[in-house]
Amino acid sequence: AALRRLGDAASGVYLGPLRLLATEVFSRLQSEWRVKASLLTGQEKVLTQGAQHLACTVELAPLSHKFDVAVIDEVQMIADRERGPRWTRALLGLQAREVHLCGDPRAEPVLRFLATQCGDSIEVKEYERKSGLFLRRGALERGTAGGGGLK
């Protein structure tokens, strides 16, 4: 729903945690919605002449530009000790008429608090996940090279 609103808008920005996600949204904006879009990540910069849509990593959020719709993906990262300030900066600094915050529902209390402090309101909509999540075998085993940080 958030990406649909982004693609249908006259202008918009997608902010995600990973270059891969930004690249995927950049491609979808062009192929599914047929809009001119630009891509901006730490490793890639594709500036499309006349583009009114941008897909980028959250660290590169364009705070001086006005958009109709913004999508901030994986917003639960706002609680991350290292990268959280970048999500806070984006959430509080983006200039958009409509902002979609996508992520873990456990982030809702923090997001409600921030909205209240800013004099804004928040509307929560829950959607069913369209694709499943799968745990890779061995991903959480202790001491494995690809382990999920358990050591």
# chains A, B, ... in the order shown; residues from 1 in each chain; ligands from 1

$ closest_atom_pairs --of "region 54-135 of chain A" --to "region 19-32 of chain A" --cutoff "8 Å" --atoms "only C-alpha atoms" --output "tab-separated table"
residue	atom	partner	partner_atom	distance
A:Leu54	CA	A:Phe26	CA	7.2
A:Ala55	CA	A:Ala22	CA	5.2
A:Cys56	CA	A:Ala22	CA	5.2
A:Thr57	CA	A:Arg19	CA	6.2

$ residues_around --residues "Leu15 (chain A)" --least-positions-apart "2" --cutoff "10 Å" --atoms "only C-alpha atoms" --output "PyMOL selection string"
chain A and resi 13+17-19+21-22+25+40-41+54-62+70-75+87+90+101

$ residues_around --residues "Val99 (chain A)" --least-positions-apart "6" --cutoff "10 Å" --atoms "only C-alpha atoms" --output "compact mmCIF listing (two decimals) with all heavy atoms, in the first residue's frame"
# COMPACT_ATOMS: atom_id res chain seq x y z
N ALA A 2 1.93 1.27 0.80
CA ALA A 2 2.81 2.45 0.87
C ALA A 2 3.50 2.68 -0.46
O ALA A 2 3.56 3.82 -0.95
CB ALA A 2 3.83 2.29 1.99
N ARG A 5 1.08 4.09 -3.00
CA ARG A 5 0.86 5.53 -2.79
C ARG A 5 2.06 6.32 -3.34
O ARG A 5 1.89 7.37 -3.94
CB ARG A 5 0.66 5.84 -1.30
CG ARG A 5 -0.64 5.35 -0.73
CD ARG A 5 -1.85 6.12 -1.23
NE ARG A 5 -1.75 7.53 -0.88
CZ ARG A 5 -2.17 8.54 -1.64
NH1 ARG A 5 -2.74 8.29 -2.79
NH2 ARG A 5 -2.04 9.77 -1.25
N LEU A 6 3.26 5.81 -3.10
CA LEU A 6 4.47 6.46 -3.59
C LEU A 6 4.46 6.51 -5.12
O LEU A 6 4.70 7.57 -5.71
CB LEU A 6 5.71 5.70 -3.09
CG LEU A 6 7.07 6.19 -3.58
CD1 LEU A 6 7.35 7.60 -3.10
CD2 LEU A 6 8.16 5.24 -3.12
N GLY A 12 7.78 11.82 -4.81
CA GLY A 12 7.93 11.00 -3.62
C GLY A 12 9.34 10.52 -3.39
O GLY A 12 10.19 10.58 -4.28
N VAL A 13 9.55 10.03 -2.17
CA VAL A 13 10.86 9.51 -1.80
C VAL A 13 10.68 8.23 -1.00
O VAL A 13 9.76 8.11 -0.19
CB VAL A 13 11.67 10.55 -0.98
CG1 VAL A 13 10.98 10.91 0.34
CG2 VAL A 13 13.09 10.07 -0.73
N TYR A 14 11.54 7.26 -1.27
CA TYR A 14 11.62 6.01 -0.50
C TYR A 14 12.94 6.02 0.22
O TYR A 14 13.99 6.27 -0.37
CB TYR A 14 11.55 4.79 -1.43
CG TYR A 14 11.94 3.51 -0.71
CD1 TYR A 14 10.99 2.79 0.00
CD2 TYR A 14 13.26 3.05 -0.71
CE1 TYR A 14 11.35 1.63 0.70
CE2 TYR A 14 13.62 1.90 -0.02
CZ TYR A 14 12.67 1.20 0.67
OH TYR A 14 13.02 0.07 1.36
N PHE A 67 8.19 16.71 -0.88
CA PHE A 67 7.59 15.58 -1.58
C PHE A 67 6.11 15.48 -1.23
O PHE A 67 5.69 15.90 -0.16
CB PHE A 67 8.27 14.27 -1.17
CG PHE A 67 9.73 14.19 -1.53
CD1 PHE A 67 10.70 14.47 -0.59
CD2 PHE A 67 10.12 13.84 -2.82
CE1 PHE A 67 12.05 14.39 -0.92
CE2 PHE A 67 11.46 13.76 -3.15
CZ PHE A 67 12.43 14.04 -2.20
N ASP A 68 5.36 14.85 -2.12
CA ASP A 68 3.97 14.55 -1.81
C ASP A 68 3.88 13.36 -0.86
O ASP A 68 3.12 13.38 0.10
CB ASP A 68 3.18 14.26 -3.09
CG ASP A 68 2.98 15.50 -3.93
OD1 ASP A 68 2.75 16.58 -3.37
OD2 ASP A 68 3.07 15.39 -5.17
N VAL A 69 4.67 12.31 -1.15
CA VAL A 69 4.63 11.08 -0.35
C VAL A 69 6.05 10.63 -0.01
O VAL A 69 6.94 10.68 -0.87
CB VAL A 69 3.91 9.94 -1.12
CG1 VAL A 69 4.00 8.62 -0.37
CG2 VAL A 69 2.45 10.31 -1.36
N ALA A 70 6.23 10.21 1.23
CA ALA A 70 7.50 9.62 1.66
C ALA A 70 7.22 8.26 2.28
O ALA A 70 6.22 8.08 2.97
CB ALA A 70 8.20 10.52 2.67
N VAL A 71 8.11 7.32 2.03
CA VAL A 71 8.02 6.00 2.64
C VAL A 71 9.34 5.75 3.37
O VAL A 71 10.40 5.79 2.75
CB VAL A 71 7.80 4.89 1.58
CG1 VAL A 71 7.83 3.52 2.24
CG2 VAL A 71 6.49 5.10 0.85
N ILE A 72 9.25 5.53 4.67
CA ILE A 72 10.42 5.19 5.47
C ILE A 72 10.28 3.73 5.85
O ILE A 72 9.39 3.36 6.61
CB ILE A 72 10.56 6.08 6.72
CG1 ILE A 72 10.59 7.56 6.32
CG2 ILE A 72 11.81 5.70 7.49
CD1 ILE A 72 10.64 8.52 7.51
N LEU A 91 12.78 10.95 9.89
CA LEU A 91 11.39 11.06 10.34
C LEU A 91 11.04 12.50 10.71
O LEU A 91 9.99 13.02 10.34
CB LEU A 91 11.14 10.14 11.53
CG LEU A 91 9.75 10.18 12.12
CD1 LEU A 91 8.70 9.75 11.11
CD2 LEU A 91 9.68 9.31 13.36
N ILE A 122 -0.80 10.31 14.18
CA ILE A 122 -0.34 9.10 13.51
C ILE A 122 -1.54 8.17 13.34
O ILE A 122 -2.38 8.07 14.22
CB ILE A 122 0.80 8.44 14.33
CG1 ILE A 122 1.52 7.38 13.52
CG2 ILE A 122 0.31 7.89 15.63
CD1 ILE A 122 2.82 6.92 14.19

$ closest_residue --among "A:Gly16, A:Ala51, A:Arg4, A:Val110" --to "Arg83 (chain A)" --atoms "only C-alpha atoms"
A:Gly16

$ residues_around --residues "Lys125 (chain A)" --least-positions-apart "6" --cutoff "12 Å" --atoms "only C-alpha atoms" --output "JSON, numbers by chain"
{"A": [1, 2, 100, 101, 102, 103, 105, 108]}

$ write_last_selection --atoms "C-alpha atoms" --output "short mmCIF file (atom, residue, chain, number, x, y, z; two decimals), in the first residue's frame"
data_model
loop_
_atom_site.label_atom_id
_atom_site.label_comp_id
_atom_site.auth_asym_id
_atom_site.auth_seq_id
_atom_site.Cartn_x
_atom_site.Cartn_y
_atom_site.Cartn_z
CA ALA A 1 0.00 0.00 0.00
CA ALA A 2 2.81 2.45 0.87
CA HIS A 100 4.32 6.07 5.49
CA LEU A 101 6.30 4.34 8.23
CA CYS A 102 6.80 0.65 7.49
CA GLY A 103 8.22 -1.79 9.97
CA PRO A 105 4.70 -2.91 15.11
CA GLU A 108 4.64 2.12 17.41
#

$ select_by_dssp --residues "region 10-137 of chain A" --states "strand (DSSP E)" --output "MDAnalysis selection string"
chainID A and resid 12:16 37:40 45:46 53:57 66:72 95:101

$ write_last_selection --atoms "N, CA, C and O atoms" --output "compact mmCIF listing (two decimals), in the first residue's frame"
# COMPACT_ATOMS: atom_id res chain seq x y z
N GLY A 12 7.78 11.82 -4.81
CA GLY A 12 7.93 11.00 -3.62
C GLY A 12 9.34 10.52 -3.39
O GLY A 12 10.19 10.58 -4.28
N VAL A 13 9.55 10.03 -2.17
CA VAL A 13 10.86 9.51 -1.80
C VAL A 13 10.68 8.23 -1.00
O VAL A 13 9.76 8.11 -0.19
N TYR A 14 11.54 7.26 -1.27
CA TYR A 14 11.62 6.01 -0.50
C TYR A 14 12.94 6.02 0.22
O TYR A 14 13.99 6.27 -0.37
N LEU A 15 12.90 5.74 1.53
CA LEU A 15 14.11 5.63 2.34
C LEU A 15 14.17 4.23 2.93
O LEU A 15 13.24 3.80 3.61
N GLY A 16 15.26 3.54 2.70
CA GLY A 16 15.43 2.20 3.22
C GLY A 16 16.80 2.01 3.85
O GLY A 16 17.69 2.85 3.68
N ALA A 37 12.52 8.13 -12.05
CA ALA A 37 13.02 8.04 -10.68
C ALA A 37 14.54 8.12 -10.68
O ALA A 37 15.21 7.77 -11.65
N SER A 38 15.08 8.57 -9.57
CA SER A 38 16.52 8.60 -9.34
C SER A 38 16.86 7.67 -8.20
O SER A 38 15.99 7.32 -7.38
N LEU A 39 18.11 7.27 -8.12
CA LEU A 39 18.61 6.36 -7.09
C LEU A 39 19.83 6.99 -6.45
O LEU A 39 20.72 7.49 -7.14
N LEU A 40 19.87 6.96 -5.12
CA LEU A 40 20.99 7.53 -4.41
C LEU A 40 21.34 6.66 -3.21
O LEU A 40 20.55 6.51 -2.28
N LYS A 45 24.74 6.24 -7.72
CA LYS A 45 24.08 7.53 -7.93
C LYS A 45 23.56 7.54 -9.37
O LYS A 45 24.34 7.62 -10.31
N VAL A 46 22.24 7.41 -9.51
CA VAL A 46 21.60 7.45 -10.82
C VAL A 46 20.64 8.63 -10.79
O VAL A 46 19.57 8.55 -10.18
N HIS A 53 10.72 11.39 -8.33
CA HIS A 53 10.76 10.31 -7.35
C HIS A 53 12.21 9.93 -7.09
O HIS A 53 13.03 9.94 -8.01
N LEU A 54 12.48 9.57 -5.85
CA LEU A 54 13.83 9.19 -5.45
C LEU A 54 13.76 7.98 -4.53
O LEU A 54 12.94 7.93 -3.62
N ALA A 55 14.63 7.02 -4.77
CA ALA A 55 14.81 5.89 -3.86
C ALA A 55 16.24 6.00 -3.34
O ALA A 55 17.18 6.11 -4.12
N CYS A 56 16.37 5.97 -2.02
CA CYS A 56 17.72 6.13 -1.45
C CYS A 56 17.82 5.44 -0.10
O CYS A 56 16.82 4.99 0.46
N THR A 57 19.04 5.36 0.39
CA THR A 57 19.24 4.83 1.74
C THR A 57 18.93 5.96 2.73
O THR A 57 19.05 7.14 2.40
N LYS A 66 10.86 19.04 -0.99
CA LYS A 66 9.47 18.75 -0.61
C LYS A 66 8.92 17.65 -1.50
O LYS A 66 9.11 17.67 -2.71
N PHE A 67 8.19 16.71 -0.88
CA PHE A 67 7.59 15.58 -1.58
C PHE A 67 6.11 15.48 -1.23
O PHE A 67 5.69 15.90 -0.16
N ASP A 68 5.36 14.85 -2.12
CA ASP A 68 3.97 14.55 -1.81
C ASP A 68 3.88 13.36 -0.86
O ASP A 68 3.12 13.38 0.10
N VAL A 69 4.67 12.31 -1.15
CA VAL A 69 4.63 11.08 -0.35
C VAL A 69 6.05 10.63 -0.01
O VAL A 69 6.94 10.68 -0.87
N ALA A 70 6.23 10.21 1.23
CA ALA A 70 7.50 9.62 1.66
C ALA A 70 7.22 8.26 2.28
O ALA A 70 6.22 8.08 2.97
N VAL A 71 8.11 7.32 2.03
CA VAL A 71 8.02 6.00 2.64
C VAL A 71 9.34 5.75 3.37
O VAL A 71 10.40 5.79 2.75
N ILE A 72 9.25 5.53 4.67
CA ILE A 72 10.42 5.19 5.47
C ILE A 72 10.28 3.73 5.85
O ILE A 72 9.39 3.36 6.61
N GLN A 95 10.27 16.57 4.49
CA GLN A 95 9.16 17.46 4.15
C GLN A 95 8.25 16.74 3.17
O GLN A 95 8.51 16.72 1.98
N ALA A 96 7.21 16.13 3.69
CA ALA A 96 6.26 15.40 2.85
C ALA A 96 4.86 15.58 3.41
O ALA A 96 4.67 15.62 4.63
N ARG A 97 3.89 15.66 2.52
CA ARG A 97 2.49 15.80 2.94
C ARG A 97 1.99 14.53 3.61
O ARG A 97 1.16 14.58 4.50
N GLU A 98 2.50 13.40 3.14
CA GLU A 98 2.05 12.10 3.62
C GLU A 98 3.29 11.24 3.84
O GLU A 98 4.11 11.10 2.95
N VAL A 99 3.44 10.69 5.05
CA VAL A 99 4.61 9.86 5.37
C VAL A 99 4.12 8.48 5.79
O VAL A 99 3.29 8.36 6.69
N HIS A 100 4.64 7.46 5.14
CA HIS A 100 4.32 6.07 5.49
C HIS A 100 5.51 5.47 6.21
O HIS A 100 6.63 5.49 5.69
N LEU A 101 5.26 4.97 7.41
CA LEU A 101 6.30 4.34 8.23
C LEU A 101 6.06 2.84 8.21
O LEU A 101 5.04 2.38 8.73

$ closest_residue --among "A:Val35, A:Leu47, A:Ile78, A:Ala107" --to "Leu92 (chain A)" --atoms "only C-alpha atoms"
A:Ile78

$ atom_distance --atom1 "CA of Glu123 (chain A)" --atom2 "CA of Gln76 (chain A)"
16.2 Å

$ select_by_dssp --residues "chain A" --states "helix (DSSP H, G or I)" --output "number ranges by chain"
A: 2-8, 19-32, 58-60, 75-79, 84-93, 105-117

$ atom_distance --atom1 "CA of Arg34 (chain A)" --atom2 "CA of Ala9 (chain A)"
11.7 Å

$ closest_residue --among "A:Leu63, A:Gly7, A:Asp120, A:Arg81" --to "Lys36 (chain A)" --atoms "only C-alpha atoms"
A:Gly7

$ closest_residue --among "A:Asp80, A:Ser121, A:Pro109, A:His65" --to "Leu94 (chain A)" --atoms "only C-alpha atoms"
A:His65

$ atom_distance --atom1 "CA of Glu126 (chain A)" --atom2 "CA of Met77 (chain A)"
18.2 Å
